[in-house]
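K.L.:
One file is attached below, work_16.pdb, containing PDB, C-alpha atoms and all ligand atoms.
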ATOM      1  CA  MET A   6      58.952  41.149  20.563
ATOM      2  CA  GLN A   7      60.972  41.602  23.706
ATOM      3  CA  VAL A   8      64.637  41.340  22.838
ATOM      4  CA  TYR A   9      66.248  43.070  19.870
ATOM      5  CA  PHE A  10      69.765  42.267  18.762
ATOM      6  CA  ILE A  11      70.940  45.414  17.032
ATOM      7  CA  GLY A  12      73.951  45.962  14.803
ATOM      8  CA  ALA A  13      75.310  49.318  15.942
ATOM      9  CA  GLY A  14      77.511  49.846  12.898
ATOM     10  CA  PRO A  15      81.254  50.433  12.809
ATOM     11  CA  GLY A  16      81.494  53.473  15.096
ATOM     12  CA  ASP A  17      79.988  56.615  13.602
ATOM     13  CA  PRO A  18      76.687  56.946  15.518
ATOM     14  CA  GLU A  19      74.943  57.920  12.273
ATOM     15  CA  LEU A  20      75.799  54.550  10.759
ATOM     16  CA  ILE A  21      73.295  52.617  12.853
ATOM     17  CA  THR A  22      70.143  51.834  10.840
ATOM     18  CA  VAL A  23      67.021  53.959  11.337
ATOM     19  CA  LYS A  24      65.325  50.860  12.702
ATOM     20  CA  GLY A  25      68.150  50.157  15.141
ATOM     21  CA  GLN A  26      68.165  53.731  16.371
ATOM     22  CA  LYS A  27      64.409  53.737  16.982
ATOM     23  CA  LEU A  28      64.612  50.519  18.976
ATOM     24  CA  LEU A  29      67.518  51.889  21.000
ATOM     25  CA  GLN A  30      65.424  54.963  21.809
ATOM     26  CA  GLN A  31      62.548  52.787  23.012
ATOM     27  CA  ALA A  32      64.553  50.246  25.011
ATOM     28  CA  ASP A  33      64.106  49.973  28.770
ATOM     29  CA  VAL A  34      67.258  47.895  29.086
ATOM     30  CA  ILE A  35      70.363  48.272  26.909
ATOM     31  CA  ILE A  36      73.204  45.759  26.933
ATOM     32  CA  TYR A  37      76.055  46.935  24.723
ATOM     33  CA  ALA A  38      79.407  45.454  23.770
ATOM     34  CA  GLY A  39      81.492  48.145  25.443
ATOM     35  CA  SER A  40      84.808  47.074  24.003
ATOM     36  CA  LEU A  41      83.859  48.321  20.521
ATOM     37  CA  VAL A  42      80.437  49.967  20.411
ATOM     38  CA  ASN A  43      80.800  53.755  20.329
ATOM     39  CA  PRO A  44      79.489  55.029  23.698
ATOM     40  CA  ALA A  45      78.041  58.013  21.805
ATOM     41  CA  LEU A  46      75.274  55.638  20.668
ATOM     42  CA  LEU A  47      74.051  55.529  24.257
ATOM     43  CA  GLY A  48      73.008  59.125  23.705
ATOM     44  CA  TYR A  49      69.967  57.637  21.939
ATOM     45  CA  ALA A  50      68.856  55.899  25.149
ATOM     46  CA  LYS A  51      65.738  57.217  26.835
ATOM     47  CA  GLN A  52      65.942  58.668  30.316
ATOM     48  CA  GLY A  53      65.895  56.024  32.968
ATOM     49  CA  ALA A  54      66.976  53.186  30.682
ATOM     50  CA  ALA A  55      69.139  50.633  32.474
ATOM     51  CA  ILE A  56      72.472  50.327  30.681
ATOM     52  CA  TYR A  57      74.850  47.361  30.947
ATOM     53  CA  ASN A  58      78.286  46.987  29.397
ATOM     54  CA  SER A  59      78.663  43.353  28.381
ATOM     55  CA  ALA A  60      82.469  43.615  28.172
ATOM     56  CA  GLY A  61      82.744  42.538  31.800
ATOM     57  CA  MET A  62      79.860  40.054  31.767
ATOM     58  CA  THR A  63      79.592  36.323  31.075
ATOM     59  CA  LEU A  64      77.006  34.781  28.752
ATOM     60  CA  ASP A  65      74.983  33.650  31.786
ATOM     61  CA  GLU A  66      74.987  37.162  33.216
ATOM     62  CA  VAL A  67      73.819  38.682  29.928
ATOM     63  CA  ILE A  68      71.018  36.137  29.658
ATOM     64  CA  ALA A  69      70.018  36.713  33.295
ATOM     65  CA  VAL A  70      69.614  40.453  32.625
ATOM     66  CA  MET A  71      67.489  39.716  29.553
ATOM     67  CA  LYS A  72      65.384  37.163  31.408
ATOM     68  CA  GLU A  73      64.603  39.492  34.274
ATOM     69  CA  ALA A  74      63.798  42.407  31.965
ATOM     70  CA  VAL A  75      61.460  40.288  29.888
ATOM     71  CA  ALA A  76      59.739  38.960  33.033
ATOM     72  CA  ASN A  77      59.034  42.596  33.926
ATOM     73  CA  GLN A  78      57.602  43.377  30.472
ATOM     74  CA  LYS A  79      60.630  45.469  29.539
ATOM     75  CA  LYS A  80      62.076  45.934  26.082
ATOM     76  CA  VAL A  81      65.738  44.926  25.705
ATOM     77  CA  ALA A  82      68.231  46.231  23.131
ATOM     78  CA  ARG A  83      71.296  44.015  22.838
ATOM     79  CA  VAL A  84      73.742  46.173  20.926
ATOM     80  CA  HIS A  85      76.590  44.624  18.959
ATOM     81  CA  THR A  86      79.292  46.373  16.984
ATOM     82  CA  GLY A  87      79.086  46.308  13.183
ATOM     83  CA  ASP A  88      76.732  43.489  12.256
ATOM     84  CA  PRO A  89      76.054  40.886  14.933
ATOM     85  CA  SER A  90      76.483  37.961  12.514
ATOM     86  CA  ILE A  91      80.205  38.605  12.121
ATOM     87  CA  TYR A  92      82.255  37.527  15.177
ATOM     88  CA  GLY A  93      79.379  38.733  17.334
ATOM     89  CA  ALA A  94      78.840  35.677  19.550
ATOM     90  CA  ILE A  95      75.135  36.190  18.896
ATOM     91  CA  GLN A  96      74.250  32.546  18.179
ATOM     92  CA  GLU A  97      74.863  31.346  21.715
ATOM     93  CA  GLN A  98      72.630  34.124  23.063
ATOM     94  CA  MET A  99      69.830  33.317  20.618
ATOM     95  CA  ASP A 100      70.080  29.623  21.513
ATOM     96  CA  GLU A 101      69.730  30.412  25.228
ATOM     97  CA  LEU A 102      66.718  32.643  24.551
ATOM     98  CA  ASP A 103      65.136  29.830  22.504
ATOM     99  CA  LYS A 104      65.510  27.530  25.494
ATOM    100  CA  LEU A 105      63.768  30.110  27.671
ATOM    101  CA  ASP A 106      61.042  30.685  25.091
ATOM    102  CA  ILE A 107      61.944  34.371  24.865
ATOM    103  CA  ARG A 108      61.202  35.907  21.493
ATOM    104  CA  TYR A 109      63.778  38.074  19.744
ATOM    105  CA  GLU A 110      64.509  39.793  16.479
ATOM    106  CA  VAL A 111      67.788  40.709  14.797
ATOM    107  CA  VAL A 112      68.357  44.114  13.213
ATOM    108  CA  PRO A 113      71.394  44.085  10.916
ATOM    109  CA  GLY A 114      74.153  46.673  10.989
ATOM    110  CA  VAL A 115      76.926  48.070   8.809
ATOM    111  CA  SER A 116      79.845  45.758   9.372
ATOM    112  CA  SER A 117      83.294  47.267   9.809
ATOM    113  CA  PHE A 118      84.552  45.555   6.651
ATOM    114  CA  LEU A 119      82.078  47.704   4.709
ATOM    115  CA  ALA A 120      82.999  50.904   6.541
ATOM    116  CA  THR A 121      86.589  49.985   5.708
ATOM    117  CA  ALA A 122      85.802  49.819   1.963
ATOM    118  CA  ALA A 123      84.166  53.240   2.276
ATOM    119  CA  ALA A 124      87.248  54.630   4.034
ATOM    120  CA  LEU A 125      89.516  53.176   1.358
ATOM    121  CA  LYS A 126      87.120  54.316  -1.385
ATOM    122  CA  CYS A 127      87.510  50.948  -3.046
ATOM    123  CA  GLU A 128      85.315  48.294  -4.649
ATOM    124  CA  TYR A 129      86.063  44.811  -3.326
ATOM    125  CA  THR A 130      84.591  43.064  -6.379
ATOM    126  CA  LEU A 131      86.345  44.572  -9.388
ATOM    127  CA  PRO A 132      85.559  42.832 -12.700
ATOM    128  CA  ASP A 133      88.444  40.583 -13.848
ATOM    129  CA  VAL A 134      90.284  41.209 -10.575
ATOM    130  CA  SER A 135      88.209  39.489  -7.944
ATOM    131  CA  GLN A 136      84.549  38.601  -7.645
ATOM    132  CA  THR A 137      84.914  37.121  -4.199
ATOM    133  CA  VAL A 138      85.357  38.626  -0.746
ATOM    134  CA  ILE A 139      86.678  36.391   1.993
ATOM    135  CA  ILE A 140      85.913  37.428   5.558
ATOM    136  CA  THR A 141      88.218  35.684   7.949
ATOM    137  CA  ARG A 142      90.663  35.974  10.822
ATOM    138  CA  GLN A 143      94.101  34.697  11.715
ATOM    139  CA  GLU A 144      94.149  31.934  14.252
ATOM    140  CA  GLY A 145      94.841  33.245  17.726
ATOM    141  CA  ARG A 146      93.494  32.148  21.076
ATOM    142  CA  THR A 147      90.340  31.220  19.156
ATOM    143  CA  PRO A 148      91.183  28.419  16.715
ATOM    144  CA  VAL A 149      90.219  28.421  13.025
ATOM    145  CA  PRO A 150      89.089  25.208  11.240
ATOM    146  CA  GLU A 151      91.961  23.430   9.461
ATOM    147  CA  LYS A 152      90.575  24.032   5.953
ATOM    148  CA  GLU A 153      90.299  27.773   6.587
ATOM    149  CA  LYS A 154      93.898  28.519   7.465
ATOM    150  CA  LEU A 155      94.998  31.838   5.941
ATOM    151  CA  ALA A 156      97.471  30.168   3.611
ATOM    152  CA  SER A 157      94.819  27.985   1.989
ATOM    153  CA  LEU A 158      92.371  30.865   1.631
ATOM    154  CA  ALA A 159      95.183  32.915   0.102
ATOM    155  CA  SER A 160      95.498  30.482  -2.794
ATOM    156  CA  HIS A 161      92.399  32.066  -4.374
ATOM    157  CA  ASN A 162      93.983  35.541  -4.556
ATOM    158  CA  ALA A 163      90.506  36.925  -3.788
ATOM    159  CA  THR A 164      89.873  40.121  -1.844
ATOM    160  CA  MET A 165      90.325  39.319   1.838
ATOM    161  CA  CYS A 166      89.040  41.225   4.855
ATOM    162  CA  ILE A 167      90.860  39.965   7.902
ATOM    163  CA  PHE A 168      89.303  40.743  11.274
ATOM    164  CA  LEU A 169      90.768  40.451  14.762
ATOM    165  CA  SER A 170      94.323  39.940  13.557
ATOM    166  CA  VAL A 171      96.189  43.235  13.251
ATOM    167  CA  HIS A 172      98.295  42.472  16.339
ATOM    168  CA  MET A 173      99.650  39.463  14.400
ATOM    169  CA  LEU A 174     100.250  41.348  11.152
ATOM    170  CA  ASP A 175     103.692  39.846  10.514
ATOM    171  CA  SER A 176     102.407  36.286  10.667
ATOM    172  CA  VAL A 177      99.359  37.275   8.593
ATOM    173  CA  THR A 178     101.478  38.597   5.738
ATOM    174  CA  ALA A 179     103.862  35.625   5.946
ATOM    175  CA  GLU A 180     100.938  33.189   5.701
ATOM    176  CA  LEU A 181      99.381  35.079   2.798
ATOM    177  CA  ILE A 182     102.628  35.005   0.817
ATOM    178  CA  ARG A 183     103.161  31.341   1.690
ATOM    179  CA  GLY A 184      99.629  30.640   0.432
ATOM    180  CA  GLY A 185     100.200  32.226  -2.967
ATOM    181  CA  TYR A 186      99.650  35.975  -2.965
ATOM    182  CA  PRO A 187     102.550  37.715  -4.754
ATOM    183  CA  ALA A 188     104.664  39.686  -2.247
ATOM    184  CA  ASP A 189     103.787  42.940  -4.018
ATOM    185  CA  THR A 190     100.022  42.453  -3.477
ATOM    186  CA  PRO A 191      98.542  45.654  -2.043
ATOM    187  CA  ILE A 192      97.334  45.641   1.551
ATOM    188  CA  ALA A 193      95.698  48.274   3.717
ATOM    189  CA  VAL A 194      95.151  48.499   7.439
ATOM    190  CA  VAL A 195      92.261  50.700   8.515
ATOM    191  CA  GLN A 196      91.987  51.537  12.172
ATOM    192  CA  LYS A 197      88.667  52.729  13.569
ATOM    193  CA  ALA A 198      86.934  53.079  10.221
ATOM    194  CA  SER A 199      84.219  55.780  10.422
ATOM    195  CA  TRP A 200      85.440  57.136  13.794
ATOM    196  CA  PRO A 201      86.909  60.680  13.919
ATOM    197  CA  GLU A 202      90.334  59.147  14.631
ATOM    198  CA  GLN A 203      90.200  56.822  11.587
ATOM    199  CA  LYS A 204      93.658  55.955  10.279
ATOM    200  CA  ILE A 205      94.661  54.327   6.981
ATOM    201  CA  ILE A 206      97.994  52.686   6.299
ATOM    202  CA  ARG A 207      98.783  51.221   2.897
ATOM    203  CA  GLY A 208     101.603  49.085   1.564
ATOM    204  CA  THR A 209     102.299  45.721   0.023
ATOM    205  CA  LEU A 210     102.519  42.356   1.725
ATOM    206  CA  SER A 211     106.275  42.752   1.896
ATOM    207  CA  THR A 212     106.385  46.388   3.102
ATOM    208  CA  ILE A 213     103.427  46.851   5.458
ATOM    209  CA  GLY A 214     105.113  45.285   8.498
ATOM    210  CA  GLU A 215     107.814  47.936   8.449
ATOM    211  CA  THR A 216     105.440  50.803   7.564
ATOM    212  CA  ILE A 217     103.071  50.080  10.417
ATOM    213  CA  LYS A 218     105.701  50.020  13.145
ATOM    214  CA  ASN A 219     105.334  52.794  15.750
ATOM    215  CA  GLN A 220     101.985  53.864  14.287
ATOM    216  CA  GLY A 221     100.109  52.932  17.436
ATOM    217  CA  ILE A 222      97.774  50.510  15.662
ATOM    218  CA  ASP A 223      95.660  48.636  18.209
ATOM    219  CA  ARG A 224      93.089  45.912  17.800
ATOM    220  CA  THR A 225      90.251  47.933  16.296
ATOM    221  CA  ALA A 226      91.660  47.613  12.824
ATOM    222  CA  MET A 227      90.796  45.773   9.630
ATOM    223  CA  ILE A 228      93.300  44.260   7.233
ATOM    224  CA  VAL A 229      92.297  44.276   3.558
ATOM    225  CA  VAL A 230      94.358  42.420   0.981
ATOM    226  CA  GLY A 231      93.948  42.107  -2.744
ATOM    227  CA  LYS A 232      94.666  43.530  -6.146
ATOM    228  CA  CYS A 233      91.390  45.480  -5.993
ATOM    229  CA  LEU A 234      93.254  48.051  -3.876
ATOM    230  CA  ASP A 235      95.467  49.127  -6.725
ATOM    231  CA  THR A 236      95.079  47.759 -10.207
ATOM    232  CA  ASP A 237      93.796  48.002 -13.740
ATOM    233  CA  TYR A 238      90.410  46.415 -14.194
ATOM    234  CA  SER A 239      87.620  45.979 -16.754
ATOM    235  CA  LEU A 240      84.627  48.295 -16.709
ATOM    236  CA  SER A 241      81.560  46.739 -15.144
ATOM    237  CA  ARG A 242      79.112  44.963 -17.419
ATOM    238  CA  LEU A 243      76.254  46.536 -15.477
ATOM    239  CA  TYR A 244      76.736  49.937 -17.117
ATOM    240  CA  ALA A 245      78.256  48.808 -20.424
ATOM    241  CA  PRO A 246      76.198  50.032 -23.451
ATOM    242  CA  GLU A 247      76.237  46.667 -25.265
ATOM    243  CA  PHE A 248      75.240  44.727 -22.169
ATOM    244  CA  GLY A 249      71.457  44.661 -21.806
ATOM    245  CA  HIS A 250      69.718  43.440 -18.683
ATOM    246  CA  MET A 251      66.400  43.446 -16.870
ATOM    247  CA  TYR A 252      66.261  47.246 -16.612
ATOM    248  CA  ARG A 253      67.975  48.345 -19.805
ATOM    249  CA  ASP A 254      68.164  47.050 -23.405
ATOM    250  CA  ALA A 255      71.539  46.625 -25.122
ATOM    251  CA  LYS A 256      72.435  49.509 -27.465
TER     252      LYS A 256
HETATM  253  N1  LIG B   1      80.624  42.428  14.371
HETATM  254  C1  LIG B   1      81.745  43.305  14.055
HETATM  255  C2  LIG B   1      83.096  42.639  14.218
HETATM  256  C3  LIG B   1      83.463  42.302  15.646
HETATM  257  S1  LIG B   1      85.030  41.540  15.768
HETATM  258  C4  LIG B   1      81.546  43.857  12.622
HETATM  259  O1  LIG B   1      80.632  43.428  11.907
HETATM  260  O2  LIG B   1      82.325  44.734  12.230
HETATM  261  C5  LIG B   1      86.075  42.899  16.127
HETATM  262  C6  LIG B   1      86.987  43.209  14.950
HETATM  263  O3  LIG B   1      86.258  43.950  13.999
HETATM  264  C7  LIG B   1      88.189  44.065  15.285
HETATM  265  O4  LIG B   1      89.263  43.273  15.724
HETATM  266  C8  LIG B   1      88.507  44.694  13.950
HETATM  267  O5  LIG B   1      89.193  43.799  13.122
HETATM  268  C9  LIG B   1      87.118  44.875  13.365
HETATM  269  N2  LIG B   1      86.559  46.221  13.577
HETATM  270  C10 LIG B   1      85.487  46.553  14.339
HETATM  271  N3  LIG B   1      85.212  47.879  14.214
HETATM  272  C11 LIG B   1      86.129  48.385  13.348
HETATM  273  C12 LIG B   1      86.346  49.670  12.776
HETATM  274  N4  LIG B   1      85.576  50.713  13.078
HETATM  275  N5  LIG B   1      87.367  49.817  11.899
HETATM  276  C13 LIG B   1      88.150  48.765  11.552
HETATM  277  N6  LIG B   1      87.980  47.526  12.064
HETATM  278  C14 LIG B   1      86.988  47.331  12.936
END
Before anything else, please render the file you have as structure tokens.
P.N.:
Amino acid sequence: MQVYFIGAGPGDPELITVKGQKLLQQADVIIYAGSLVNPALLGYAKQGAAIYNSAGMTLDEVIAVMKEAVANQKKVARVHTGDPSIYGAIQEQMDELDKLDIRYEVVPGVSSFLATAAALKCEYTLPDVSQTVIITRQEGRTPVPEKEKLASLASHNATMCIFLSVHMLDSVTAELIRGGYPADTPIAVVQKASWPEQKIIRGTLSTIGETIKNQGIDRTAMIVVGKCLDTDYSLSRLYAPEFGHMYRDAK
């Protein structure tokens, strides 16, 4: 294999997978998404590795670097933040490599919505509260399909992890309330989950806009909404004595 797409994890350099780290250490050429990937991860690069920051590059430029490296028998690590399958623009790169007959593999990573749950010490899928997690974003310069507008997703009252939208928080909360979440639904904003400067701000859909003002929240933040953040719930069936399953008989 010549090109490896690697999920770098949410920020903490120890949250890359063992596999991802090994490949990063072996790579001759590293192309990383500089806007979000923690530069500390480049500390894993071997001496002499060529390092490119894709933040200032076009798709064609990224592919050209890969093509040349592969032609010279070099190993390429294409490093994405979190997991590359979530807002990673990985598909268009894979499609170009297919056209060029360049083989690649994808190594998953810890997405920021999971590091956010860890920071909040919460379970997104609480029994009787929500068994569904919706990963989405507010429409901005990149449009969202009509059937996936925040208000219609909100009608489910599921747990929602909203990426790429914290700079539009007021319209996010307005849409969520319009779509059917009660105004007192808990919400949290987690900035830079897993980084040393991680910051957590909690509130309800009606209070968070005020609370977050002057907190210096930039774009590297996740919005989580749902009753799972603060509620009574049923104990899980998985560990209930009367609930037998494949690994344990009912008592
Ligand atoms: N592929 C990435 C997401 C890239 S889109 C992943 O799986 O996490 C960029 C968005 O991800 C940001 O706008 C923000 O909403 C979120 N994000 C990325 N890193 C984050 C972090 N450490 N803490 C909170 N949100 C983060």
K.L.:
For this structure, which residues satisfy the selection - the PyMOL selection byres (((not hetatm)) within 6 of (chain B and resi 1)) - when it is evaluated on the file as given? I want them as number ranges by chain.
P.N.:
A: 15-16, 86-89, 91-93, 116-117, 168-169, 195-199, 224-227
K.L.:
Mind dumping the selected residues with C-alpha atoms as a PDB file, in the coordinates of the input?
P.N.:
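What follows is the written file part_9.pdb:
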ATOM      1  CA  PRO A  15      81.254  50.433  12.809  1.00  0.00           C
ATOM      2  CA  GLY A  16      81.494  53.473  15.096  1.00  0.00           C
ATOM      3  CA  THR A  86      79.292  46.373  16.984  1.00  0.00           C
ATOM      4  CA  GLY A  87      79.086  46.308  13.183  1.00  0.00           C
ATOM      5  CA  ASP A  88      76.732  43.489  12.256  1.00  0.00           C
ATOM      6  CA  PRO A  89      76.054  40.886  14.933  1.00  0.00           C
ATOM      7  CA  ILE A  91      80.205  38.605  12.121  1.00  0.00           C
ATOM      8  CA  TYR A  92      82.255  37.527  15.177  1.00  0.00           C
ATOM      9  CA  GLY A  93      79.379  38.733  17.334  1.00  0.00           C
ATOM     10  CA  SER A 116      79.845  45.758   9.372  1.00  0.00           C
ATOM     11  CA  SER A 117      83.294  47.267   9.809  1.00  0.00           C
ATOM     12  CA  PHE A 168      89.303  40.743  11.274  1.00  0.00           C
ATOM     13  CA  LEU A 169      90.768  40.451  14.762  1.00  0.00           C
ATOM     14  CA  VAL A 195      92.261  50.700   8.515  1.00  0.00           C
ATOM     15  CA  GLN A 196      91.987  51.537  12.172  1.00  0.00           C
ATOM     16  CA  LYS A 197      88.667  52.729  13.569  1.00  0.00           C
ATOM     17  CA  ALA A 198      86.934  53.079  10.221  1.00  0.00           C
ATOM     18  CA  SER A 199      84.219  55.780  10.422  1.00  0.00           C
ATOM     19  CA  ARG A 224      93.089  45.912  17.800  1.00  0.00           C
ATOM     20  CA  THR A 225      90.251  47.933  16.296  1.00  0.00           C
ATOM     21  CA  ALA A 226      91.660  47.613  12.824  1.00  0.00           C
ATOM     22  CA  MET A 227      90.796  45.773   9.630  1.00  0.00           C
TER      23      MET A 227
END
K.L.:
Work out how far CA of Asp223 (chain A) is from CA of Asp17 (chain A), in Å to one decimal.
P.N.:
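Taking CA of Asp17 (chain A) as the start and CA of Asp223 (chain A) as the end point, the length is 18.2 Å.
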K.L.:
Within 12 Å of Leu64 (chain A), counting only C-alpha atoms, which residues qualify if same-chain residues fewer than 6 places away don't, as a count of residues only?
P.N.:
12
K.L.:
A:Leu181, A:Val149, A:Ala32, A:Ile228: which is nearest Val8 (chain A), counting only C-alpha atoms?
P.N.:
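Checking each of A:Leu181, A:Val149, A:Ala32, A:Ile228 against Val8 (chain A), counting only C-alpha atoms, the winner is A:Ala32.
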K.L.:
Rounded to one decimal, what separation in Å do you get between CA of Ala124 (chain A) and CA of Asp175 (chain A)?
P.N.:
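Going from CA of Ala124 (chain A) over to CA of Asp175 (chain A), I get 23.0 Å.
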K.L.:
Using the chain letters and numbers from the file, which residues does the PyMOL selection byres (((chain A and resi 37) around 12) and not hetatm) grab, as a PyMOL selection string?
P.N.:
chain A and resi 9-13+29+32+34-36+38-47+50+55-62+67+81-87+89+93
K.L.:
Generate all heavy atoms for region 193-201 of chain A and emit them as a PDB file, in the frame of the given file.
P.N.:
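And here's result-v9.pdb as it stands now:
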ATOM      1  N   ALA A 193      95.975  47.063   2.941  1.00  0.00           N
ATOM      2  CA  ALA A 193      95.698  48.274   3.717  1.00  0.00           C
ATOM      3  C   ALA A 193      95.252  47.868   5.111  1.00  0.00           C
ATOM      4  O   ALA A 193      94.602  46.834   5.291  1.00  0.00           O
ATOM      5  CB  ALA A 193      94.592  49.092   3.040  1.00  0.00           C
ATOM      6  N   VAL A 194      95.641  48.675   6.076  1.00  0.00           N
ATOM      7  CA  VAL A 194      95.151  48.499   7.439  1.00  0.00           C
ATOM      8  C   VAL A 194      94.351  49.752   7.775  1.00  0.00           C
ATOM      9  O   VAL A 194      94.855  50.868   7.611  1.00  0.00           O
ATOM     10  CB  VAL A 194      96.324  48.322   8.433  1.00  0.00           C
ATOM     11  CG1 VAL A 194      95.818  48.318   9.869  1.00  0.00           C
ATOM     12  CG2 VAL A 194      97.079  47.029   8.129  1.00  0.00           C
ATOM     13  N   VAL A 195      93.106  49.553   8.164  1.00  0.00           N
ATOM     14  CA  VAL A 195      92.261  50.700   8.515  1.00  0.00           C
ATOM     15  C   VAL A 195      91.875  50.569   9.981  1.00  0.00           C
ATOM     16  O   VAL A 195      91.228  49.602  10.385  1.00  0.00           O
ATOM     17  CB  VAL A 195      90.998  50.775   7.642  1.00  0.00           C
ATOM     18  CG1 VAL A 195      90.145  51.971   8.047  1.00  0.00           C
ATOM     19  CG2 VAL A 195      91.377  50.876   6.174  1.00  0.00           C
ATOM     20  N   GLN A 196      92.308  51.537  10.743  1.00  0.00           N
ATOM     21  CA  GLN A 196      91.987  51.537  12.172  1.00  0.00           C
ATOM     22  C   GLN A 196      90.803  52.449  12.416  1.00  0.00           C
ATOM     23  O   GLN A 196      90.762  53.567  11.911  1.00  0.00           O
ATOM     24  CB  GLN A 196      93.197  52.019  12.977  1.00  0.00           C
ATOM     25  CG  GLN A 196      92.888  52.190  14.455  1.00  0.00           C
ATOM     26  CD  GLN A 196      94.133  52.296  15.298  1.00  0.00           C
ATOM     27  OE1 GLN A 196      94.674  51.293  15.752  1.00  0.00           O
ATOM     28  NE2 GLN A 196      94.619  53.503  15.473  1.00  0.00           N
ATOM     29  N   LYS A 197      89.842  51.944  13.181  1.00  0.00           N
ATOM     30  CA  LYS A 197      88.667  52.729  13.569  1.00  0.00           C
ATOM     31  C   LYS A 197      87.979  53.387  12.378  1.00  0.00           C
ATOM     32  O   LYS A 197      87.741  54.602  12.353  1.00  0.00           O
ATOM     33  CB  LYS A 197      89.049  53.763  14.625  1.00  0.00           C
ATOM     34  CG  LYS A 197      89.444  53.118  15.959  1.00  0.00           C
ATOM     35  CD  LYS A 197      89.198  54.023  17.119  1.00  0.00           C
ATOM     36  CE  LYS A 197      88.518  53.293  18.261  1.00  0.00           C
ATOM     37  NZ  LYS A 197      88.207  54.124  19.400  1.00  0.00           N
ATOM     38  N   ALA A 198      87.665  52.579  11.384  1.00  0.00           N
ATOM     39  CA  ALA A 198      86.934  53.079  10.221  1.00  0.00           C
ATOM     40  C   ALA A 198      85.665  53.766  10.692  1.00  0.00           C
ATOM     41  O   ALA A 198      84.958  53.251  11.564  1.00  0.00           O
ATOM     42  CB  ALA A 198      86.582  51.909   9.299  1.00  0.00           C
ATOM     43  N   SER A 199      85.407  54.948  10.160  1.00  0.00           N
ATOM     44  CA  SER A 199      84.219  55.780  10.422  1.00  0.00           C
ATOM     45  C   SER A 199      84.270  56.562  11.733  1.00  0.00           C
ATOM     46  O   SER A 199      83.373  57.344  12.007  1.00  0.00           O
ATOM     47  CB  SER A 199      82.899  54.975  10.347  1.00  0.00           C
ATOM     48  OG  SER A 199      82.572  54.389  11.588  1.00  0.00           O
ATOM     49  N   TRP A 200      85.288  56.329  12.570  1.00  0.00           N
ATOM     50  CA  TRP A 200      85.440  57.136  13.794  1.00  0.00           C
ATOM     51  C   TRP A 200      86.226  58.406  13.426  1.00  0.00           C
ATOM     52  O   TRP A 200      86.967  58.413  12.435  1.00  0.00           O
ATOM     53  CB  TRP A 200      86.235  56.382  14.862  1.00  0.00           C
ATOM     54  CG  TRP A 200      85.587  55.169  15.464  1.00  0.00           C
ATOM     55  CD1 TRP A 200      85.294  53.996  14.818  1.00  0.00           C
ATOM     56  CD2 TRP A 200      85.172  54.994  16.826  1.00  0.00           C
ATOM     57  NE1 TRP A 200      84.725  53.114  15.703  1.00  0.00           N
ATOM     58  CE2 TRP A 200      84.645  53.680  16.937  1.00  0.00           C
ATOM     59  CE3 TRP A 200      85.211  55.804  17.967  1.00  0.00           C
ATOM     60  CZ2 TRP A 200      84.152  53.173  18.141  1.00  0.00           C
ATOM     61  CZ3 TRP A 200      84.725  55.286  19.161  1.00  0.00           C
ATOM     62  CH2 TRP A 200      84.198  53.999  19.237  1.00  0.00           C
ATOM     63  N   PRO A 201      86.137  59.468  14.233  1.00  0.00           N
ATOM     64  CA  PRO A 201      86.909  60.680  13.919  1.00  0.00           C
ATOM     65  C   PRO A 201      88.412  60.391  13.840  1.00  0.00           C
ATOM     66  O   PRO A 201      89.129  61.004  13.056  1.00  0.00           O
ATOM     67  CB  PRO A 201      86.617  61.612  15.102  1.00  0.00           C
ATOM     68  CG  PRO A 201      85.346  61.100  15.710  1.00  0.00           C
ATOM     69  CD  PRO A 201      85.283  59.625  15.421  1.00  0.00           C
TER      70      PRO A 201
END
